[in-house]
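Q: Before we start, here is the structure in question, set down as structure tokens.
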Amino acid sequence: MDEKIAALREALYALDDAAAVSIATELIDGGADPQRVLQQGLAEAMLEIGRRWNAGDVFLPEVVAAAEIFKRCNDIVEPALIAAGGRTLGHKVVMATVKGDLHDLGKSMVGAMMKTAGFEVHDLGKDVPTERIIEAVRERHPRIVALSSLLTTTVPEQRNVITALQEADLRRDVKVLVGGAPVTEEWAREIGADGFAPNAPEAVKVALELVGDERMGGA
Amino acid sequence: MTSSQAKTTNDPASPRVRSLTLANRIDILPEHAIERIHEGTLRVLDRVGVEVRSDRTVTNLERAGARADHDAGRVRFPPEVVEAALAQAPSALLLAARDPACDLELDGSHGYLAVDGNAAEILDLETNERRASTKADLAQVARVADALPQIGFLWQPVAARDEPIEVQPLHEIATEFANTSKHVQLMTATEPEQARGAIEIARIVAGGERELRERPVLSAFQCSLSPLTYDGGPLEAAAIYGQAGVPCGFVAMPIACATAPATPAAALVVSNAEVLAGIVSLQLLAPGAGTFYGASGTVMDLRTGAAACGGPEDLLFQMASAQLARRYGVPSSIGTFATGAKAADWQAGVENGLSGMASWLGGADMLCGAGLLFGARVHSIAELVLDAELFDLMCHLAGEVPVTDEDLALEVIEAVGPGGHFLAQPHTLRNMRRMWRPRVFDRETWEAWETAGRPEPRDLARERARKILAEHEPIPLADGIEDDIREVIAAYASD
């Protein structure tokens, strides 16, 4: 089984979508421990890709491509994991592009990079209503809520999400990380967010700080 | 993302020398203007001629067909002599290198960048202060130039001022051969004895007399003294190079308003007459010898009287001179990166950015001046790294834009459709490494820039230079060669 898990990691490094999905399926169908497939296969591969990105050997599009393969494989592993009684990956993150904003590229980059640092990322997509974000926080108990908006017209929505978290009495349970082109450190302070990052790699560093992880992005 | 794909830096598959594709060159002067300048030049060469401060050379040129005035030390060239001599100059030139992977073929299709200028001072890499340059500095710059793929060849970027003046050029080429396996061009061997010494050294490096003729690892050039003068040694030295199979060009460096007339057309006539006088003399004394057309013209600063360097007139001279070289069917060597700025700053960036574009669009075969500041009087290794980056950007721009099915990627556009993204598309992953990426230009976030102490590109360039100096080992000369070269220099020093 170790060889198969190694092959799964290699398929992620090679960005070989078909091979990764087929190896993950074989492993799960063959009764492999889903926790090991997730940790030693998928999560470890993302960490290694993060190390390669740090070394300048891998570029962001490759990280995003690997994260997409990760997601497809995770969809195969997850049912077995739940059947086996739960899962532990890394710190959970719920992320979304706020209501009215259709830009989810930057957020996808942040999600991909976070996976390389071992975060368990739940991406709610784009144009996400505040209620859905609150619902996901209740359900998933994340450590971090990451909010993205690219437009000056949608950036006030970040404040609305924070207000809604307060009203739902969830604000103290999560750290709020904000990002997007118009977002600045001052804006983050003004709306009472816990962190701000100007790009995807920085977002990982800030997220690790927020959860008190000392790796500081040195994945 | 296999390990072979992952290595994006120092890729062994990347060429040791990058070149500028000259497919898009333009003629800055219309046909009739070039012909007016050509006719004017013929008239100047015929009626005024050039002063040659060596009666031996005047006599040799007279025997070969020029008209001589021995009392005035003046040589005049009738138009038919000029045209016949120019027809003998080869149109393409091989600048061979110790490492054949660094051979440069000057055939009009590609432009190459040089470090050069023989600056008397260097901006110390550590103290950032300017001081007199030494042989050790020359070795350092040569090593950096050897490592930078944007540098095609080297003529002395700085002078070895700690060596005795009469053998300084020999120390300089010896230092360059030891610290680079790229082509070496020699500027300062202007006396016949120095030319003979340089040829002896080049023969040792090339492996013999015939080997040097077939693969000239050395070229040289001589400068005119504007207006219309050649010192005693240069034309004789040129003939010695020509007879040994070492290409020898001629470079005019006129300063409009001072050593050339004020108007661009007249300055071009004077500059053209000087270069053609050199090329014609070489062809008369060594028929068929490899040569090139060099120009580094500028204007006088009207307030201080110094050479201005970096203005729009220079850009015109660059493009017009390259066009004249094409008119005569010989490769061109064009002074390009010659900012007047005293630091690798905004002025240096703008002036060199524009002059780089001018030389590219003008179709220069050799682009000179990487690393020079203050009108070519001071060399800076940080500026060299920045100029290399600039040249790299230009090489990318000058490259072909393919329109194959893979390049048009219509299926990919269709598959992603409106609102999606191309980030993780296999097409993106396949092709993204073809995009240009800066080495020292800043693309960091504002925060990272502040955290790093707001570094300027020149700070990053200095860091890169230090890294190269710490890591790069040039291909060494074969055993015994340096000893043989030392003997040659010793022999010439005692003569």
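For the structure tokens, the naming scheme is as follows: chains receive sequential letters (A, B, ...) according to their order of presentation, residues are indexed from 1 within each chain, and ligands are indexed from 1 in presentation order.
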Contacts of B:Tyr293 at 9 Å or less, counting only C-alpha atoms, minus same-chain residues fewer than 2 places along, as a PyMOL selection string?
A: chain B and resi 249-252+272+275-276+279+291+295+321-322+324-325+328+330-334
Q: For A:Gly192, list every protein, DNA or RNA residue within 12 Å, evaluated using only C-alpha atoms, and leave out those in the same chain fewer than 2 positions away; present the list as a ChimeraX atom specification.
A: /A:158-163,165-166,171-172,175-178,185-190,194-196
Q: Quick one: everything within 12 Å of stretch 67-72 of chain A, counting only C-alpha atoms, minus sequence neighbours fewer than 5 positions away in the same chain. Send it as a ChimeraX atom specification.
A: /A:8-9,11-25,37-39,41-47,49-50,60-62,77-78,108-123 /B:423-425
Q: Would you save the residues of that selection, restricted to C-alpha atoms, as a PDB file, in the first residue's frame?
A:
```
ATOM      1  CA  LEU A   8      -0.519   8.827  -5.685  1.00  0.00           C
ATOM      2  CA  ARG A   9       1.873  11.554  -4.555  1.00  0.00           C
ATOM      3  CA  ALA A  11       0.644  11.534  -9.806  1.00  0.00           C
ATOM      4  CA  LEU A  12       0.014  14.856  -8.053  1.00  0.00           C
ATOM      5  CA  TYR A  13       3.567  16.045  -8.716  1.00  0.00           C
ATOM      6  CA  ALA A  14       3.142  15.100 -12.372  1.00  0.00           C
ATOM      7  CA  LEU A  15      -0.261  16.841 -12.409  1.00  0.00           C
ATOM      8  CA  ASP A  16      -1.639  13.620 -13.879  1.00  0.00           C
ATOM      9  CA  ASP A  17      -5.326  13.934 -13.118  1.00  0.00           C
ATOM     10  CA  ALA A  18      -6.413  10.553 -14.521  1.00  0.00           C
ATOM     11  CA  ALA A  19      -3.649   8.601 -12.797  1.00  0.00           C
ATOM     12  CA  ALA A  20      -4.312  10.264  -9.442  1.00  0.00           C
ATOM     13  CA  VAL A  21      -8.042   9.573  -9.562  1.00  0.00           C
ATOM     14  CA  SER A  22      -7.507   5.959 -10.618  1.00  0.00           C
ATOM     15  CA  ILE A  23      -4.906   5.284  -7.882  1.00  0.00           C
ATOM     16  CA  ALA A  24      -7.113   6.907  -5.227  1.00  0.00           C
ATOM     17  CA  THR A  25     -10.073   4.787  -6.384  1.00  0.00           C
ATOM     18  CA  VAL A  37      -4.550   7.975   1.883  1.00  0.00           C
ATOM     19  CA  LEU A  38      -5.555  11.501   2.811  1.00  0.00           C
ATOM     20  CA  GLN A  39      -2.620  12.304   5.109  1.00  0.00           C
ATOM     21  CA  GLY A  41      -0.910  10.643  -0.008  1.00  0.00           C
ATOM     22  CA  LEU A  42      -2.851  13.777  -0.808  1.00  0.00           C
ATOM     23  CA  ALA A  43      -1.943  16.137   2.036  1.00  0.00           C
ATOM     24  CA  GLU A  44       1.744  15.187   2.004  1.00  0.00           C
ATOM     25  CA  ALA A  45       1.893  15.759  -1.765  1.00  0.00           C
ATOM     26  CA  MET A  46       0.396  19.243  -1.348  1.00  0.00           C
ATOM     27  CA  LEU A  47       2.949  20.040   1.371  1.00  0.00           C
ATOM     28  CA  ILE A  49       4.334  21.083  -3.756  1.00  0.00           C
ATOM     29  CA  GLY A  50       4.330  23.982  -1.298  1.00  0.00           C
ATOM     30  CA  LEU A  60       1.114  29.133  -8.981  1.00  0.00           C
ATOM     31  CA  PRO A  61      -0.837  27.618 -11.920  1.00  0.00           C
ATOM     32  CA  GLU A  62       0.744  24.277 -11.024  1.00  0.00           C
ATOM     33  CA  VAL A  77     -11.605   9.436  -0.123  1.00  0.00           C
ATOM     34  CA  GLU A  78     -14.107  11.462   1.900  1.00  0.00           C
ATOM     35  CA  SER A 108      -8.917  29.732  -5.659  1.00  0.00           C
ATOM     36  CA  MET A 109      -5.224  30.617  -5.594  1.00  0.00           C
ATOM     37  CA  VAL A 110      -5.407  31.265  -1.868  1.00  0.00           C
ATOM     38  CA  GLY A 111      -7.231  27.954  -1.353  1.00  0.00           C
ATOM     39  CA  ALA A 112      -4.654  26.064  -3.382  1.00  0.00           C
ATOM     40  CA  MET A 113      -1.739  27.620  -1.512  1.00  0.00           C
ATOM     41  CA  MET A 114      -3.423  26.929   1.833  1.00  0.00           C
ATOM     42  CA  LYS A 115      -3.652  23.274   0.929  1.00  0.00           C
ATOM     43  CA  THR A 116       0.107  23.276   0.427  1.00  0.00           C
ATOM     44  CA  ALA A 117       0.423  24.351   4.071  1.00  0.00           C
ATOM     45  CA  GLY A 118      -1.823  21.532   5.295  1.00  0.00           C
ATOM     46  CA  PHE A 119      -5.046  23.475   5.781  1.00  0.00           C
ATOM     47  CA  GLU A 120      -8.358  21.722   5.215  1.00  0.00           C
ATOM     48  CA  VAL A 121     -10.046  24.109   2.828  1.00  0.00           C
ATOM     49  CA  HIS A 122     -13.787  24.369   2.273  1.00  0.00           C
ATOM     50  CA  ASP A 123     -14.340  26.646  -0.679  1.00  0.00           C
TER      51      ASP A 123
ATOM     52  CA  LEU B 423      -4.887  28.902 -14.392  1.00  0.00           C
ATOM     53  CA  ALA B 424      -4.823  25.136 -14.155  1.00  0.00           C
ATOM     54  CA  GLN B 425      -5.408  24.318 -17.828  1.00  0.00           C
TER      55      GLN B 425
END
```
Q: Looking only at the backbone, which of the residues in stretch 282-423 of chain B does DSSP tag as alpha helix (DSSP H), as an NGL selection string?
A: :B and (282-285 or 312-328 or 346-362 or 381-398 or 405-408 or 410-416)
Q: Set the distance at 12 Å and use only C-alpha atoms: which residues neighbour B:Glu62 once local chain neighbours fewer than 3 positions away are removed? I'd like the list as a list in words.
A: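 Using only C-alpha atoms, the neighbours found are Val52, Asp55, Arg56, Thr57, Val58, Thr59, Gly65, Ala66, Arg67, Ala68, Asp69, His70, Gly73, Arg74, Val75, Arg76, Phe77, Pro78, Val81, Ser281, Leu284 and Leu285 of chain B.
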Q: Excluding B:Ala237 and its own-chain neighbours fewer than 6 positions away, which residues fall within 7 Å of it when counting only C-alpha atoms? Please give them as a PyMOL selection string.
A: chain B and resi 190-192+195
Q: Ranking B:Gln185, B:Asn431, B:Thr445, B:Gln318 by minimum distance to chain A and counting only C-alpha atoms, which one comes first?
A: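 Looking only at the distances to chain A, the closest residue turns out to be B:Thr445.
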Q: Counting only C-alpha atoms, what is within 12 Å of B:Pro30, bar same-chain residues fewer than 5 positions away, as a PyMOL selection string?
A: chain B and resi 35-37+319-320+323-324
Q: Would you pick out the contacts of B:Gly363 at 9 Å or less, using only C-alpha atoms, so that residues sharing its chain but fewer than 2 positions from it are not included, and give the list as a list in words?
A: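 In the requested format, the answer is Thr21, Leu22, Ala23, Asn24, Arg25, Ile26, Asp27, Gly108, Ser109, His110, Gly111, Met319, Ala322, Gln323, Arg326, Ser332, Ala358, Ser359, Trp360, Leu361 and Asp365 of chain B.
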Q: Using atom CA of B:Thr175 and atom CA of B:Asp483 as the two end points, give the distance in Å to one decimal.
A: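 So the two atoms, atom CA of B:Thr175 and atom CA of B:Asp483, lie 12.5 Å apart.
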Q: What residues in stretch 35-178 of chain A get the DSSP label strand (DSSP E or B)? Please answer as a list of chain:residue names.
A: A:Lys92, A:Val93, A:Val94, A:Met95, A:Ala96, A:Thr97, A:Val98, A:Glu120, A:Val121, A:His122, A:Asp123, A:Val128, A:Ile144, A:Val145, A:Ala146, A:Leu147, A:Ser148, A:Lys175, A:Val176, A:Leu177, A:Val178
Q: Next, write the just-selected residues to a file, as a compact mmCIF listing (two decimals), in the first residue's frame, keeping C-alpha atoms as the atom set.
A:
```
# COMPACT_ATOMS: atom_id res chain seq x y z
CA LYS A 92 -10.14 24.10 8.79
CA VAL A 93 -10.75 27.10 6.59
CA VAL A 94 -14.07 28.18 5.14
CA MET A 95 -13.60 30.55 2.25
CA ALA A 96 -15.87 32.45 -0.09
CA THR A 97 -16.04 35.29 -2.56
CA VAL A 98 -18.68 37.58 -1.07
CA GLU A 120 -8.36 21.72 5.22
CA VAL A 121 -10.05 24.11 2.83
CA HIS A 122 -13.79 24.37 2.27
CA ASP A 123 -14.34 26.65 -0.68
CA VAL A 128 -21.90 33.55 -1.79
CA ILE A 144 -10.53 30.65 9.81
CA VAL A 145 -13.13 32.35 7.61
CA ALA A 146 -11.47 33.78 4.50
CA LEU A 147 -13.38 36.39 2.51
CA SER A 148 -12.49 37.65 -0.95
CA LYS A 175 -10.43 34.31 12.79
CA VAL A 176 -11.48 36.38 9.79
CA LEU A 177 -9.01 36.79 6.97
CA VAL A 178 -9.83 39.29 4.17
```
